Every structure is written in C-alpha cells, then in structure tokens.
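Engineer: Sharing run26.txt (compact mmCIF, C-alpha atoms) below.
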# COMPACT_ATOMS: atom_id res chain seq x y z
CA MET L 404 -13.65 -22.69 -25.36
CA PRO L 405 -11.60 -21.25 -28.30
CA THR L 406 -7.92 -20.81 -27.49
CA THR L 407 -7.90 -17.54 -29.45
CA ILE L 408 -10.01 -15.69 -26.85
CA LYS L 409 -8.33 -12.45 -25.75
CA TYR L 410 -11.09 -10.96 -23.57
CA LEU L 411 -13.16 -12.88 -21.03
CA ASN L 412 -15.83 -11.43 -18.75
CA LEU L 413 -16.71 -13.68 -15.78
CA GLU L 414 -18.38 -11.13 -13.54
CA ARG L 415 -21.31 -12.12 -11.26
CA ASN L 416 -20.52 -15.85 -11.19
CA ARG L 417 -20.25 -16.28 -7.41
CA PHE L 418 -16.61 -17.37 -7.56
CA GLU L 419 -15.17 -17.51 -4.03
CA SER L 420 -11.47 -17.98 -4.76
CA LEU L 421 -8.97 -17.65 -7.59
CA ALA L 422 -8.77 -21.45 -7.59
CA ASP L 423 -12.30 -21.45 -9.02
CA ILE L 424 -11.04 -20.07 -12.35
CA SER L 425 -7.65 -21.78 -12.32
CA MET L 426 -8.70 -24.52 -14.75
CA LEU L 427 -9.00 -21.90 -17.50
CA ALA L 428 -5.29 -21.07 -17.48
CA ALA L 429 -4.07 -23.88 -19.74
CA SER L 430 -6.88 -23.49 -22.28
CA LEU L 431 -6.56 -19.73 -22.83
CA PRO L 432 -2.96 -19.02 -23.86
CA ASN L 433 -3.90 -15.83 -25.72
CA LEU L 434 -6.10 -14.27 -23.03
CA GLU L 435 -5.17 -10.61 -22.41
CA ARG L 436 -8.01 -9.25 -20.25
CA LEU L 437 -9.88 -11.09 -17.48
CA ILE L 438 -12.88 -9.50 -15.76
CA LEU L 439 -13.74 -11.03 -12.36
CA LYS L 440 -15.57 -8.13 -10.73
CA HIS L 441 -18.79 -8.56 -8.74
CA ASN L 442 -17.98 -12.07 -7.52
CA SER L 443 -17.26 -13.22 -3.96
CA ILE L 444 -13.53 -13.82 -4.28
CA SER L 445 -11.83 -13.46 -0.92
CA CYS L 446 -8.80 -15.75 -1.12
CA THR L 447 -6.49 -17.67 -3.41
CA THR L 448 -7.77 -21.08 -2.42
CA SER L 449 -10.67 -22.24 -0.29
CA GLY L 450 -10.70 -25.26 1.99
CA ALA L 451 -7.91 -27.78 1.53
CA ALA L 452 -4.70 -26.76 -0.21
CA GLN L 453 -5.15 -26.59 -3.98
CA ASN L 454 -2.72 -26.30 -6.87
CA ILE L 455 -3.22 -23.08 -8.79
CA ASN L 456 -2.42 -23.03 -12.49
CA THR L 457 -0.40 -20.15 -13.90
CA PHE L 458 -1.92 -18.05 -16.66
CA SER L 459 0.01 -17.06 -19.77
CA HIS L 460 2.20 -13.94 -19.78
CA ALA L 461 -0.21 -12.64 -22.44
CA LEU L 462 -2.72 -11.87 -19.66
CA VAL L 463 -1.87 -8.32 -18.61
CA GLU L 464 -5.16 -6.97 -17.19
CA VAL L 465 -7.25 -8.38 -14.35
CA ASP L 466 -10.31 -6.75 -12.76
CA LEU L 467 -11.06 -7.92 -9.20
CA ALA L 468 -13.19 -4.95 -8.15
CA PHE L 469 -16.34 -5.48 -6.07
CA ASN L 470 -15.24 -8.78 -4.51
CA THR L 471 -14.56 -9.65 -0.87
CA VAL L 472 -10.76 -9.58 -0.86
CA ASN L 473 -9.66 -8.98 2.72
CA GLN L 474 -6.14 -10.40 2.95
CA TRP L 475 -2.81 -9.34 1.49
CA SER L 476 -1.80 -12.94 0.81
CA LEU L 477 -4.11 -12.94 -2.23
CA VAL L 478 -2.44 -9.78 -3.57
CA ASP L 479 0.98 -11.37 -3.08
CA ASP L 480 -0.17 -14.46 -4.98
CA LEU L 481 -1.23 -12.48 -8.05
CA THR L 482 2.34 -12.32 -9.33
CA ASN L 483 2.57 -16.10 -9.41
CA ILE L 484 -0.89 -16.69 -10.88
CA PHE L 485 -0.76 -13.85 -13.42
CA PRO L 486 2.96 -13.40 -14.19
CA GLY L 487 2.23 -10.94 -17.02
CA LEU L 488 -0.01 -8.71 -14.88
CA LYS L 489 0.44 -4.99 -15.64
CA SER L 490 -3.00 -3.54 -14.94
CA LEU L 491 -5.10 -4.39 -11.89
CA ARG L 492 -8.38 -3.15 -10.51
CA LEU L 493 -8.90 -3.96 -6.83
CA ALA L 494 -11.18 -1.15 -5.66
CA HIS L 495 -14.34 -1.81 -3.67
CA ASN L 496 -12.93 -4.69 -1.64
CA PRO L 497 -12.76 -4.83 2.18
CA LEU L 498 -8.96 -4.65 1.92
CA TYR L 499 -9.34 -1.15 0.49
CA SER L 500 -10.86 0.25 3.68
CA SER L 501 -7.25 0.98 4.71
CA GLU L 502 -5.85 4.41 3.83
CA ASP L 503 -2.58 2.80 2.75
CA ALA L 504 -4.18 0.14 0.51
CA PHE L 505 -3.22 1.78 -2.77
CA ILE L 506 0.46 2.29 -1.97
CA LEU L 507 0.76 -1.13 -0.33
CA THR L 508 -0.68 -2.78 -3.44
CA VAL L 509 1.82 -0.92 -5.61
CA ALA L 510 4.65 -1.94 -3.29
CA ARG L 511 3.66 -5.61 -3.16
CA LEU L 512 3.28 -5.90 -6.95
CA GLY L 513 6.47 -4.62 -8.50
CA GLN L 514 5.35 -5.12 -12.09
CA LEU L 515 2.15 -3.02 -11.97
CA VAL L 516 1.82 -0.19 -14.48
CA THR L 517 -1.74 0.86 -13.61
CA LEU L 518 -3.85 0.31 -10.50
CA ASN L 519 -7.57 1.12 -10.37
CA TYR L 520 -7.26 2.93 -13.72
CA SER L 521 -4.49 5.16 -12.32
CA LYS L 522 -1.02 5.05 -13.86
CA VAL L 523 1.66 4.29 -11.26
CA THR L 524 4.32 6.99 -11.53
CA GLU L 525 7.98 6.44 -10.70
CA LYS L 526 7.63 8.69 -7.66
CA GLU L 527 4.57 6.82 -6.44
CA ARG L 528 6.43 3.52 -6.76
CA LEU L 529 9.44 4.91 -4.91
CA ASN L 530 7.25 6.25 -2.12
CA ALA L 531 5.17 3.08 -1.94
CA GLU L 532 8.10 0.68 -1.83
CA THR L 533 10.14 2.61 0.73
CA PHE L 534 7.03 3.03 2.88
CA TYR L 535 6.31 -0.71 2.68
CA LEU L 536 9.92 -1.56 3.51
CA SER L 537 9.78 0.71 6.55
CA GLN L 538 6.57 -0.98 7.70
CA ILE L 539 8.19 -4.41 7.44
CA ALA L 540 11.18 -3.11 9.39
CA ARG L 541 8.88 -1.83 12.13
CA GLU L 542 7.11 -5.17 12.27
CA LEU L 543 10.42 -7.03 12.50
CA SER L 544 11.68 -4.68 15.20
CA ALA L 545 8.57 -5.26 17.31
CA ALA L 546 8.73 -9.06 17.00
CA ALA L 547 10.72 -11.61 18.94
CA ALA L 548 13.60 -13.18 17.00
CA ASN L 549 11.83 -16.54 16.74
CA ALA L 550 8.77 -14.90 15.17
CA ARG L 551 10.59 -13.16 12.31
CA LYS L 552 10.47 -16.14 9.96
CA ASP L 553 6.68 -15.83 9.78
CA ILE L 554 6.99 -12.10 9.03
CA PHE L 555 9.35 -12.76 6.12
CA GLN L 556 6.84 -15.27 4.73
CA ARG L 557 4.05 -12.67 4.92
CA HIS L 558 6.13 -10.18 2.94
CA PRO L 559 7.61 -12.06 -0.05
CA ARG L 560 8.98 -8.88 -1.66
CA TYR L 561 11.19 -8.02 1.31
CA ASP L 562 14.41 -9.44 -0.18
CA ALA L 563 13.79 -7.79 -3.55
CA LEU L 564 13.14 -4.42 -1.92
CA CYS L 565 16.28 -4.73 0.20
CA LYS L 566 18.30 -5.24 -2.99
CA ILE L 567 16.85 -2.04 -4.43
CA TYR L 568 16.90 0.25 -1.38
CA GLY L 569 19.23 -1.47 1.05
CA GLU L 570 18.35 -3.47 4.13
CA PRO L 571 16.66 -1.32 6.81
CA THR L 572 17.92 -1.19 10.38
CA ILE L 573 16.04 -3.55 12.68
CA ASP L 574 15.83 -1.96 16.14
CA ASP L 575 15.55 -4.75 18.70
CA ARG L 576 14.85 -2.22 21.43
CA ILE L 577 11.35 -1.63 20.07
CA ALA L 578 10.38 -5.20 20.91
CA ARG L 579 11.32 -4.59 24.53
CA LYS L 580 9.14 -1.58 25.18
CA ASP L 581 5.46 -0.81 25.05
CA THR L 582 4.30 1.13 21.99
CA LEU L 583 3.02 3.99 24.13
CA ALA L 584 6.46 4.39 25.69
CA ALA L 585 7.63 6.00 22.47
CA GLY L 586 5.27 8.86 23.34
CA LEU L 587 3.00 11.17 21.43
CA ALA L 588 3.72 14.48 19.77
CA LEU L 589 1.20 17.31 19.45
CA CYS L 590 1.75 18.47 15.88
CA HIS L 591 0.59 21.89 14.71
CA PHE L 592 0.29 21.63 10.93
CA LEU L 593 0.44 24.99 9.13
CA VAL L 594 -1.51 24.48 5.90
CA SER L 595 -0.27 26.53 2.95
CA ASP L 596 -2.67 28.25 0.56
CA ALA L 597 -1.46 26.02 -2.26
CA VAL L 598 -2.42 22.92 -0.28
CA ARG L 599 -5.74 24.38 0.85
CA GLN L 600 -6.83 25.12 -2.72
CA LYS L 601 -6.30 21.47 -3.68
CA THR L 602 -8.45 20.03 -0.89
CA LEU L 603 -12.04 18.90 -1.40
CA ALA L 604 -13.39 21.76 0.75
CA PRO L 605 -10.91 24.70 0.78
CA ASP L 606 -13.22 27.00 2.73
CA LYS L 607 -13.39 24.53 5.61
CA VAL L 608 -9.64 23.99 6.07
CA ALA L 609 -8.19 25.90 9.01
CA ASP L 610 -4.82 27.66 8.80
CA THR L 611 -3.54 25.39 11.57
CA VAL L 612 -4.59 21.78 12.11
CA LYS L 613 -3.66 20.06 15.38
CA LEU L 614 -3.09 16.30 15.54
CA GLU L 615 -1.64 14.22 18.36
CA LEU L 616 0.42 11.49 16.73
CA PRO L 617 2.68 8.67 17.96
CA LYS L 618 6.29 9.55 17.26
CA SER L 619 6.72 5.99 16.02
CA PHE L 620 4.58 6.82 12.95
CA THR L 621 6.40 6.82 9.62
CA ILE L 622 6.29 10.05 7.65
CA TYR L 623 4.10 8.28 5.09
CA THR L 624 1.56 7.65 7.84
CA VAL L 625 1.83 11.28 8.98
CA GLN L 626 1.15 12.38 5.40
CA SER L 627 -1.91 10.13 5.31
CA MET L 628 -3.20 11.46 8.65
CA ILE L 629 -2.91 15.14 7.75
CA GLY L 630 -4.22 14.39 4.26
CA LYS L 631 -7.33 12.80 5.75
CA ALA L 632 -7.78 15.66 8.24
CA ILE L 633 -7.84 18.31 5.50
CA ARG L 634 -9.46 16.08 2.84
CA PHE L 635 -6.47 16.12 0.49
CA GLU L 636 -6.94 13.21 -1.91
CA ARG L 637 -3.28 12.46 -2.76
CA PRO L 638 -1.44 12.72 0.60
CA MET L 639 1.80 11.35 -0.89
CA GLN L 640 2.10 14.69 -2.73
CA LEU L 641 2.31 16.60 0.56
CA LYS L 642 5.70 17.86 1.70
CA LEU L 643 6.31 18.43 5.41
CA PHE L 644 8.84 20.86 6.91
CA LEU L 645 9.76 21.74 10.48
CA ASN L 646 8.66 25.36 10.80
CA GLU L 647 11.61 26.40 12.96
CA ASP L 648 14.39 25.60 10.49
CA SER L 649 12.63 24.39 7.30
CA THR L 650 14.08 20.89 7.59
CA GLU L 651 12.09 18.56 5.35
CA LEU L 652 10.59 15.44 6.93
CA THR L 653 11.56 13.09 4.12
CA PRO L 654 9.58 9.81 4.03
CA LYS L 655 11.83 6.91 3.03
CA THR L 656 12.05 4.49 6.01
CA ARG L 657 12.27 6.97 8.89
CA VAL L 658 9.75 7.84 11.59
CA LEU L 659 8.47 11.11 13.05
CA GLU L 660 10.74 10.76 16.10
CA THR L 661 13.75 11.21 13.78
CA TRP L 662 12.95 14.93 13.65
CA VAL L 663 10.54 15.46 16.57
CA GLU L 664 12.16 14.51 19.87
CA GLU L 665 10.01 16.75 22.05
CA ASN L 666 6.28 16.33 22.69
CA GLU L 667 5.23 19.21 20.45
CA ALA L 668 6.17 20.46 16.99
CA THR L 669 5.08 22.94 14.34
CA ILE L 670 5.13 21.55 10.81
CA ARG L 671 4.51 23.38 7.54
CA VAL L 672 2.47 21.53 4.94
CA GLU L 673 3.35 22.24 1.29
CA VAL L 674 2.54 20.42 -1.92
CA SER L 675 4.82 19.02 -4.60
CA THR L 676 4.81 21.05 -7.79
In structure tokens, write the structure found in this file.
Structural biologist:
Amino acid sequence: MPTTIKYLNLERNRFESLADISMLAASLPNLERLILKHNSISCTTSGAAQNINTFSHALVEVDLAFNTVNQWSLVDDLTNIFPGLKSLRLAHNPLYSSEDAFILTVARLGQLVTLNYSKVTEKERLNAETFYLSQIARELSAAAANARKDIFQRHPRYDALCKIYGEPTIDDRIARKDTLAAGLALCHFLVSDAVRQKTLAPDKVADTVKLELPKSFTIYTVQSMIGKAIRFERPMQLKLFLNEDSTELTPKTRVLETWVEENEATIRVEVST
C-alpha cells in the first residue's frame, strides 16, 4: 500500500475491534482521513490483550459511525491510537443511546474540534467538561474508599480536568446513604415563549411542565430532562432560574439540591441568546 495515501475508506469490512486495523499505522504515515463506518467495531481489542499501534499525527479525521461501540473505554483509547484526532464521527452506535453521549464524548476527548459534523464551541466544551467532572465526583462520592482506584482508571481525564477546573469536593456521606434518601423534588418548569418557539413542536409545549426529579441530579441532567420533555434539541442552551428570586441554577459541578432544599420548586426556563 503506497505510503502517500491520505484518504482510506474501509467501511463494510466486518472489523470487530480497532486492533483489526492497527497494522496499517506504520505503513500510512501521511494518512489524514480514515473511514471505518458500517463495520462491527465494539472495542479496542478482542480476546487476549493485544498491542495497538499508534497512527501518525497526520491522521486528524476518523469516522466510526454505524458500528457497535458500546463502551467508553474505546472512546478513551482514541487519544492514544489517533493522537492527531481532531474530527470524529461516532453517531449511530449503541453508546449514543444515552442523552449525554455527545457532551461526554467531548469531555473525554480534549482535542476534538468537531464531533458528528458539529463544531465543538468553547461553551460546549466548558459545559461538557464540568458536567463530566461532576459526574466523576458523584461516582467517587458514592463509592467506598477501596473502590476509587478503579474509578480513576475508568476516567483517565480526571487529573487533567482537575488541573483546569479544580478538584471537586468528594462527599463521603453520599456513600453512606441510599440514593432515594436524598429525596425528590416536584419541579414546575415555566417555559418561556422564546424557548417554545425553538422546540420541535411549539404548539404542543405547555406553559408549565411538571417533572419529579431526584435532587441529586446535576443541573446538566436537569437541562437534559426538561429538554427531552419539551423536545428542545440543544438542552445545554437552556438557562434555568428559580422563579421566586430569579437565581440562576448554574451547571458547573453542582446538583439541584444546591438550590432546591424543599420538595417542590418553580423554575423558569429561558434560552441563551
């Protein structure tokens, strides 16, 4: 295979892991785009442990759409396998059944410029990374001390994110109580006209939407839940305010209980301009 190749399309080849194409790394130093869509890739390696070759920094675009990726460990490994990766397509994989898949992919891959043909804005990266850091903090808080080493291994960007945003507070009390003990809050979301007009079906969105949510939910998760309820495609653009005093429920690493101590709250839903 000529070493001058810059574009390689390997779709529909029944590859099952990234290890299946690893042997190409050394022979294609000038490769810039690699198309792997419509295969059966689900993991980095299959079977016994395998050494994975690293592709050249020249490779900046990889298309993994329409595979069977169902684990975040593969996403985490992309940085090591494709160190020059700037553009990734990962849509139409089982992993993307999660509402938070897009922002978690952005957060786990700090070098991405575009994801699924969408340019990653500075605000989206900020929101994604602080959300991801808060999720790791929640996981650490809910785990016994001797189980935290495994959590750190599952989230290789944790240290890097702590350097950027500061280390989150790990609340050991969470590990000692049942999740339901934190309680639920009945949230009355007042949907503004500006938000309603940007939904997929404006005529079907009620003025007030009621959702019962765990107070342990992060504000990012609350945004996702109300976004799904009113069919608003970009929930990270929603801004939430307590109706009684207009206090903004800022995402970052905090949870709903930070602002909602009682079992009921009225929250205004606006949209970023």
Engineer: Which residue, L:Phe458, L:Tyr568, L:Phe485, L:Phe534, has the smallest gap to L:Ile622 when you use only C-alpha atoms?
Structural biologist: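 Once distances to L:Ile622 are computed over only C-alpha atoms, the minimum belongs to L:Phe534.
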Engineer: Of the residues L:Ala494, L:Leu431, L:Leu616, L:Val658, which is the one nearest to L:Arg541, using only C-alpha atoms?
Structural biologist: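 The shortest atom-to-atom distance to L:Arg541 comes from L:Val658.
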Engineer: Name the residues in contact with L:Ile438 at a cut-off of 8 Å, using all atoms listed in the file, excluding same-chain residues fewer than 4 positions from it; report them as a PyMOL selection string.
Structural biologist: chain L and resi 411-414+465-467
Engineer: I need the residue nearest L:Leu652 from this list: L:Asp503, L:Glu673, L:Glu527, L:Glu464. Use all atoms listed in the file for the distance.
Structural biologist: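 Once distances to L:Leu652 are computed over all atoms listed in the file, the minimum belongs to L:Glu673.
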Engineer: Please provide as a short mmCIF file (atom, residue, chain, number, x, y, z; two decimals) with C-alpha atoms, in the coordinates of the input all residues within 10 Å of L:Asp480, with the sequence filter that same-chain residues fewer than 4 positions apart are discarded (counting all atoms listed in the file).
Structural biologist:
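Below you can see result-v9.cif, which holds the result:
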data_model
loop_
_atom_site.label_atom_id
_atom_site.label_comp_id
_atom_site.auth_asym_id
_atom_site.auth_seq_id
_atom_site.Cartn_x
_atom_site.Cartn_y
_atom_site.Cartn_z
CA LEU L 421 -8.97 -17.65 -7.59
CA CYS L 446 -8.80 -15.75 -1.12
CA THR L 447 -6.49 -17.67 -3.41
CA ILE L 455 -3.22 -23.08 -8.79
CA TRP L 475 -2.81 -9.34 1.49
CA SER L 476 -1.80 -12.94 0.81
CA ILE L 484 -0.89 -16.69 -10.88
CA PHE L 485 -0.76 -13.85 -13.42
CA PRO L 486 2.96 -13.40 -14.19
CA ARG L 511 3.66 -5.61 -3.16
CA LEU L 512 3.28 -5.90 -6.95
CA PRO L 559 7.61 -12.06 -0.05
#
Engineer: Nearest to L:Gln640: which of L:Lys526, L:Lys440, L:Arg657, L:Lys618 is it, counting only C-alpha atoms?
Structural biologist: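 Closest to L:Gln640 of all the choices is L:Lys526.
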Engineer: When you count only C-alpha atoms, which of these residues is closest to L:Lys631: L:Ser425, L:Thr602, L:Asn530, L:Thr572?
Structural biologist: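 Of the candidates, the smallest distance to L:Lys631 is held by L:Thr602.
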Engineer: Would you kindly return, as a list in words, each protein, DNA or RNA residue with an atom no farther than 12 Å from any atom of L:Thr650, considering only C-alpha atoms and excluding same-chain residues fewer than 4 positions away?
Structural biologist: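 Residues meeting the cut-off are Lys642, Leu643, Phe644, Leu645, Asn646, Thr661, Trp662, Val663, Thr669, Ile670, Arg671 and Val672 of chain L.
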Engineer: What's around L:Ser445 at 7 Å? Count all atoms listed in the file, leave out sequence neighbours fewer than 6 positions away in its own chain, and write the answer as number ranges by chain.
Structural biologist: L: 419-420, 470-473
